[in-house]
Amino acid sequence: VNSFHSWANAWCSVQVKIDFESGYTAIVNEVEPDHAGAAQVEPQVSLDTLNFFKTYWTDGIYPSDMNACLNLIAGGASCVVHEGKYCICDTTVVDSAVFASADSSMSIDQLLTDLRTGAVDPSTFDSGTYNSLNCGIEGVTVYSKSGDCSSLASDSIFAFTNKSKAYFLKNMHSTVHISGSTDYSFRNPV
């Protein structure tokens with residue numbers, strides 16, 4: 001049977017499915033039902049998905065049992081216990097700049113350690129989208145949309161070559177939070 005997929009203007013929320021035993025997570029999409037009342041979701045992102053991946057929880061703390069999930073629900077978080085071994089929760093993503101400024105005291109090793117999000121080569125954007133900055137970091141070009149070396153934003157890009165490989169890293173730390181909770185968050189793997 002051929003199936004047809006298309007974009008729709010209906011809402012979709014991204015949820016996280018947490019395995020109590022391992023702390024691994026899977027992505028679950030909750031979608032608005034269509035006019036017939038059906039909510040069609042791909043199996044890879046359905047409630048029953050088993051596509052779990054390693055998750056870097058803040059301080060290694062995650063809802064590790066049913067009581068922790070029930071406490072989230074009691075505290076106002078939008079979560080459900082699923083099959084007695086998973087907690088499925090709504091999420092929010094917060095992006096922030098890793099470095100507020102750049103100067104000659106920084107190194108490529110520091111950038112490789114602290115920056116986890118890749119970026120597109122700034123030359124692929126329309127002319128004038130990014131400005132090239134020389135911030136005094138040996139072997140590194142910094143690209144910024146509106147700032148200078150003393151005021152970088154989360155969309156600034158650090159470009160350099162290390163061991164014959166070109167790197168473009170976004171000046172961004174992206175954190176996924178369990179909506180309605182301040183207790184649980186993890187580094188965004190995307």
# chains A, B, ... in the order shown; residues from 1 in each chain; ligands from 1
>>> residues_around(residues="Val41 (chain A)", least_positions_apart="5", cutoff="10 Å", atoms="only C-alpha atoms", output="PyMOL selection string")
chain A and resi 28-33+46-47
>>> write_last_selection(atoms="all heavy atoms", output="short mmCIF file (atom, residue, chain, number, x, y, z; two decimals), in the first residue's frame")
data_model
loop_
_atom_site.label_atom_id
_atom_site.label_comp_id
_atom_site.auth_asym_id
_atom_site.auth_seq_id
_atom_site.Cartn_x
_atom_site.Cartn_y
_atom_site.Cartn_z
N VAL A 28 9.04 11.28 21.27
CA VAL A 28 7.64 10.95 21.00
C VAL A 28 6.97 12.22 20.47
O VAL A 28 7.12 13.29 21.05
CB VAL A 28 6.92 10.46 22.28
CG1 VAL A 28 5.43 10.29 22.02
CG2 VAL A 28 7.54 9.16 22.78
N ASN A 29 6.25 12.08 19.38
CA ASN A 29 5.49 13.20 18.85
C ASN A 29 4.02 13.02 19.19
O ASN A 29 3.44 11.98 18.88
CB ASN A 29 5.64 13.33 17.33
CG ASN A 29 6.99 13.88 16.93
OD1 ASN A 29 7.71 14.44 17.73
ND2 ASN A 29 7.34 13.71 15.67
N GLU A 30 3.46 14.01 19.83
CA GLU A 30 2.02 14.03 20.06
C GLU A 30 1.45 14.98 19.02
O GLU A 30 1.87 16.14 18.94
CB GLU A 30 1.71 14.53 21.47
CG GLU A 30 0.22 14.56 21.75
CD GLU A 30 -0.11 15.15 23.10
OE1 GLU A 30 0.68 15.95 23.63
OE2 GLU A 30 -1.19 14.83 23.61
N VAL A 31 0.50 14.48 18.22
CA VAL A 31 -0.02 15.28 17.12
C VAL A 31 -1.51 15.55 17.28
O VAL A 31 -2.23 14.78 17.92
CB VAL A 31 0.24 14.61 15.75
CG1 VAL A 31 1.73 14.45 15.50
CG2 VAL A 31 -0.46 13.27 15.66
N GLU A 32 -1.94 16.63 16.68
CA GLU A 32 -3.36 16.98 16.67
C GLU A 32 -4.10 15.99 15.77
O GLU A 32 -3.65 15.69 14.66
CB GLU A 32 -3.52 18.40 16.12
CG GLU A 32 -4.95 18.87 16.04
CD GLU A 32 -5.06 20.29 15.52
OE1 GLU A 32 -4.09 20.83 14.98
OE2 GLU A 32 -6.16 20.85 15.64
N PRO A 33 -5.21 15.45 16.25
CA PRO A 33 -5.99 14.52 15.42
C PRO A 33 -6.49 15.20 14.14
O PRO A 33 -6.74 16.40 14.13
CB PRO A 33 -7.17 14.12 16.31
CG PRO A 33 -6.73 14.44 17.70
CD PRO A 33 -5.80 15.61 17.58
N SER A 46 6.30 7.27 17.96
CA SER A 46 5.00 7.01 18.60
C SER A 46 5.20 6.69 20.07
O SER A 46 6.33 6.51 20.54
CB SER A 46 4.30 5.84 17.91
OG SER A 46 4.96 4.63 18.22
N LEU A 47 4.12 6.57 20.81
CA LEU A 47 4.19 6.22 22.23
C LEU A 47 4.93 4.89 22.45
O LEU A 47 5.58 4.71 23.48
CB LEU A 47 2.79 6.10 22.84
CG LEU A 47 2.03 7.38 23.09
CD1 LEU A 47 0.62 7.08 23.57
CD2 LEU A 47 2.76 8.24 24.09
#
>>> residues_around(residues="Val140 (chain A)", least_positions_apart="6", cutoff="12 Å", atoms="only C-alpha atoms", output="list in words")
Ala102, Asp103, Ser104, Met106, Ser107, Ile108, Asp109, Gln110, Leu111, Leu112, Ser132, Leu133, Asn134, Ile157, Phe158, Ala159, Phe160, Thr161, Asn162, Ala166, Tyr167, Phe168 and Leu169 of chain A
>>> residues_around(residues="Gly84 (chain A)", least_positions_apart="3", cutoff="9 Å", atoms="only C-alpha atoms", output="number ranges by chain")
A: 65-66, 81, 87
>>> write_last_selection(atoms="N, CA and C atoms", output="PDB file, in the first residue's frame")
ATOM      1  N   ASP A  65      12.006   6.168  38.449  1.00  0.00           N
ATOM      2  CA  ASP A  65      10.989   5.172  38.802  1.00  0.00           C
ATOM      3  C   ASP A  65       9.605   5.801  38.680  1.00  0.00           C
ATOM      4  N   MET A  66       8.595   4.969  38.879  1.00  0.00           N
ATOM      5  CA  MET A  66       7.224   5.427  38.723  1.00  0.00           C
ATOM      6  C   MET A  66       6.898   6.548  39.714  1.00  0.00           C
ATOM      7  N   VAL A  81       2.689   8.073  33.028  1.00  0.00           N
ATOM      8  CA  VAL A  81       3.401   6.810  33.175  1.00  0.00           C
ATOM      9  C   VAL A  81       2.922   5.921  32.037  1.00  0.00           C
ATOM     10  N   CYS A  87       8.312   7.110  31.591  1.00  0.00           N
ATOM     11  CA  CYS A  87       7.638   8.371  31.878  1.00  0.00           C
ATOM     12  C   CYS A  87       7.695   9.186  30.592  1.00  0.00           C
TER      13      CYS A  87
END
>>> closest_residue(among="A:Ser154, A:Asn171, A:Asn188, A:Ser144", to="Thr92 (chain A)", atoms="only C-alpha atoms")
A:Asn188
>>> select_by_dssp(residues="region 40-99 of chain A", states="strand (DSSP E)", output="list of chain:residue names")
A:Cys79, A:Val80, A:Val81, A:His82, A:Tyr86, A:Cys87, A:Ile88, A:Cys89, A:Asp90, A:Thr91, A:Thr92, A:Val93, A:Val94, A:Asp95, A:Ser96, A:Ala97
>>> write_last_selection(atoms="C-alpha atoms", output="PDB file, in the first residue's frame")
ATOM      1  CA  CYS A  79       3.742  13.651  32.092  1.00  0.00           C
ATOM      2  CA  VAL A  80       2.189  10.191  31.984  1.00  0.00           C
ATOM      3  CA  VAL A  81       3.401   6.810  33.175  1.00  0.00           C
ATOM      4  CA  HIS A  82       3.526   4.430  30.202  1.00  0.00           C
ATOM      5  CA  TYR A  86       8.473   4.752  31.160  1.00  0.00           C
ATOM      6  CA  CYS A  87       7.638   8.371  31.878  1.00  0.00           C
ATOM      7  CA  ILE A  88       6.490  10.417  28.873  1.00  0.00           C
ATOM      8  CA  CYS A  89       6.669  14.192  29.356  1.00  0.00           C
ATOM      9  CA  ASP A  90       6.256  17.420  27.419  1.00  0.00           C
ATOM     10  CA  THR A  91       9.493  19.298  26.857  1.00  0.00           C
ATOM     11  CA  THR A  92      10.809  22.817  26.392  1.00  0.00           C
ATOM     12  CA  VAL A  93      14.175  23.686  24.863  1.00  0.00           C
ATOM     13  CA  VAL A  94      16.347  26.552  26.094  1.00  0.00           C
ATOM     14  CA  ASP A  95      19.280  27.717  23.978  1.00  0.00           C
ATOM     15  CA  SER A  96      21.974  29.964  25.440  1.00  0.00           C
ATOM     16  CA  ALA A  97      25.392  31.261  24.422  1.00  0.00           C
TER      17      ALA A  97
END
>>> select_by_dssp(residues="region 37-130 of chain A", states="alpha helix (DSSP H)", output="mmCIF file with C-alpha atoms, in the first residue's frame")
data_model
loop_
_atom_site.group_PDB
_atom_site.id
_atom_site.type_symbol
_atom_site.label_atom_id
_atom_site.label_comp_id
_atom_site.auth_asym_id
_atom_site.auth_seq_id
_atom_site.Cartn_x
_atom_site.Cartn_y
_atom_site.Cartn_z
ATOM 1 C CA MET A 66 7.224 5.427 38.723
ATOM 2 C CA ASN A 67 7.122 7.500 41.929
ATOM 3 C CA ALA A 68 9.432 10.121 40.402
ATOM 4 C CA CYS A 69 7.135 10.323 37.371
ATOM 5 C CA LEU A 70 4.036 10.543 39.582
ATOM 6 C CA ASN A 71 5.749 13.319 41.587
ATOM 7 C CA LEU A 72 6.306 15.212 38.341
ATOM 8 C CA ILE A 73 2.608 14.863 37.521
ATOM 9 C CA ALA A 74 1.608 15.939 41.050
ATOM 10 C CA ILE A 108 40.863 25.295 19.774
ATOM 11 C CA ASP A 109 41.019 22.640 22.514
ATOM 12 C CA GLN A 110 38.694 24.750 24.676
ATOM 13 C CA LEU A 111 36.248 25.175 21.779
ATOM 14 C CA LEU A 112 36.265 21.422 21.070
ATOM 15 C CA THR A 113 35.574 20.735 24.757
ATOM 16 C CA ASP A 114 32.874 23.351 25.386
#
>>> atom_distance(atom1="CA of Ser64 (chain A)", atom2="CA of Gly23 (chain A)")
6.7 Å
>>> atom_distance(atom1="CA of Lys85 (chain A)", atom2="CA of Ile18 (chain A)")
8.4 Å
>>> decode(residues="region 35-55 of chain A", atoms="N, CA and C atoms", output="compact mmCIF listing (two decimals), in the first residue's frame")
# COMPACT_ATOMS: atom_id res chain seq x y z
N HIS A 35 -9.30 15.50 10.83
CA HIS A 35 -10.75 15.74 10.84
C HIS A 35 -11.56 14.48 11.16
N ALA A 36 -10.97 13.31 10.94
CA ALA A 36 -11.65 12.05 11.24
C ALA A 36 -11.38 11.61 12.68
N GLY A 37 -10.57 12.40 13.41
CA GLY A 37 -10.28 12.07 14.80
C GLY A 37 -9.08 11.16 14.99
N ALA A 38 -8.38 10.85 13.89
CA ALA A 38 -7.22 9.97 13.98
C ALA A 38 -5.94 10.80 14.14
N ALA A 39 -5.06 10.34 15.00
CA ALA A 39 -3.75 10.97 15.18
C ALA A 39 -2.70 10.02 14.62
N GLN A 40 -2.25 10.30 13.40
CA GLN A 40 -1.32 9.39 12.74
C GLN A 40 0.11 9.83 13.03
N VAL A 41 0.86 8.93 13.66
CA VAL A 41 2.24 9.20 14.04
C VAL A 41 3.11 8.07 13.51
N GLU A 42 4.28 8.42 12.98
CA GLU A 42 5.22 7.41 12.52
C GLU A 42 5.65 6.55 13.69
N PRO A 43 5.84 5.25 13.49
CA PRO A 43 6.20 4.34 14.59
C PRO A 43 7.48 4.76 15.34
N GLN A 44 8.44 5.38 14.62
CA GLN A 44 9.70 5.76 15.25
C GLN A 44 9.53 6.83 16.33
N VAL A 45 8.42 7.57 16.29
CA VAL A 45 8.18 8.64 17.26
C VAL A 45 6.80 8.50 17.92
N SER A 46 6.30 7.27 17.96
CA SER A 46 5.00 7.01 18.60
C SER A 46 5.20 6.69 20.07
N LEU A 47 4.12 6.57 20.81
CA LEU A 47 4.19 6.22 22.23
C LEU A 47 4.93 4.89 22.45
N ASP A 48 4.84 3.98 21.50
CA ASP A 48 5.42 2.66 21.66
C ASP A 48 6.84 2.54 21.09
N THR A 49 7.44 3.65 20.71
CA THR A 49 8.79 3.60 20.15
C THR A 49 9.77 2.97 21.12
N LEU A 50 10.72 2.26 20.58
CA LEU A 50 11.83 1.71 21.36
C LEU A 50 13.16 2.27 20.86
N ASN A 51 13.10 3.41 20.16
CA ASN A 51 14.30 4.07 19.62
C ASN A 51 14.94 4.94 20.69
N PHE A 52 15.48 4.31 21.70
CA PHE A 52 16.09 5.04 22.82
C PHE A 52 17.53 5.39 22.49
N PHE A 53 18.01 6.48 23.08
CA PHE A 53 19.41 6.87 22.94
C PHE A 53 19.94 7.35 24.28
N LYS A 54 21.27 7.27 24.40
CA LYS A 54 21.93 7.70 25.64
C LYS A 54 21.65 9.18 25.85
N THR A 55 21.36 9.52 27.10
CA THR A 55 20.98 10.89 27.43
C THR A 55 21.89 11.42 28.52
